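Participant: What follows is a structure written as structure tokens; I'll ask about it next.
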Amino acid sequence: MSSPPNPANTSPESDQPQEPTLLIDDKAYAYGALSDRAKVLSNDFVRTHQEWTDLQHRYRQFLAMETTVVNQLKDEVDRAGLRPHEPVTSGDLVQQALLTIDATAYAIEQIPDQARLYVNDLLRAHQERGQLEFRLRQLDAARAAYQGALRDELAASGAVSLATSTATATTTSGANG
């Protein structure tokens, strides 16, 4: 996983701003030292990740809303005192629209108007939830693609992680001392 560069980074020991870094595969890279392509890929990843995070929040809200509407629908059906639908046992097969709640079927014609509103709300929410799930899958694929492309670009451009460059500088200065 990579994290976005943060220009507002400050050192915990001081209030001095730190150079923005890119963290990927537990390695930090100085953002300013990245190739132009790595910077573009990093920014695209950040925007994609932010959209994914926002949609995840919205998706969780939808799930909670659906649960609330289902509970309201159950309450409305209970208040109306509807009898469960009895299947037709005669030789004539009559197709009848049914609403099933907790494995109990009710004839649509019996459903009160308020309960029908809840059913319509659920149908709309189900459609929108499907669209959100599709978009989240798209964003997951895009995030994975950006991460892969960013890894490839870091390797191709010879980017050196901060830990590696610090270790090299320490070893070099220790050898001179």
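Naming scheme: A, B, ... for chains in displayed order of the structure tokens; residues 1 onward per chain; ligands 1 onward as shown.
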Report as CSV: every residue of segment 14-62 of chain A with an atom at most 12 Å from segment 115-129 of chain A, its closest pair of atoms, and their distance in Å to one decimal, counting only C-alpha atoms, with rows sorted by chain and ascending residue number.
Facilitator:
residue,atom,partner,partner_atom,distance
A:Leu55,CA,A:Arg129,CA,10.5
A:Gln56,CA,A:Arg129,CA,11.0
A:Arg58,CA,A:Arg129,CA,9.5
A:Tyr59,CA,A:Arg129,CA,7.0
A:Arg60,CA,A:Arg129,CA,9.8
A:Gln61,CA,A:Arg129,CA,10.2
A:Phe62,CA,A:Arg129,CA,6.9
Participant: Can you tell me how far atom CA of Leu162 of chain A sits from atom CA of Ala142 of chain A, in Å to one decimal?
Facilitator: 26.6 Å
Participant: Can you list, as a PyMOL selection string, all residues belonging to segment 57-148 of chain A that DSSP tags as strand (DSSP E)?
Facilitator: chain A and resi 98-101+104-107
Participant: Kindly indicate which residue among A:Gly158, A:Pro84, A:Gly32, A:Gly130 lies nearest to Ile101 of chain A, using only C-alpha atoms for the distances.
Facilitator: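 Selected residue with least distance to Ile101 of chain A: A:Pro84.
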Participant: Nearest to Ala156 of chain A among A:Gln95, A:Ser42, A:Gln16, A:Ser35, with distances taken over only C-alpha atoms: which residue is it?
Facilitator: A:Ser35
Participant: I want to know what sits within 12 Å of Ala155 of chain A, based on only C-alpha atoms, with residues of the same chain fewer than 6 positions away left out; could you give that as a list in words?
Facilitator: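 Result of the neighbour search: Tyr29, Leu34, Ser35, Ala38, Gly148, Ala149 and Ser161 of chain A.
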Participant: As a list in words, please: the residues near segment 105-108 of chain A (cut-off 6 Å, only C-alpha atoms, same-chain neighbours under 5 positions excluded).
Facilitator: Pro84, His85, Ala97, Leu98, Leu99 and Thr100 of chain A
Participant: Could you pull the residues within 10 Å of Thr53 of chain A, counting only C-alpha atoms, minus those fewer than 6 positions along the same chain, as number ranges by chain?
Facilitator: A: 47, 59, 136, 139
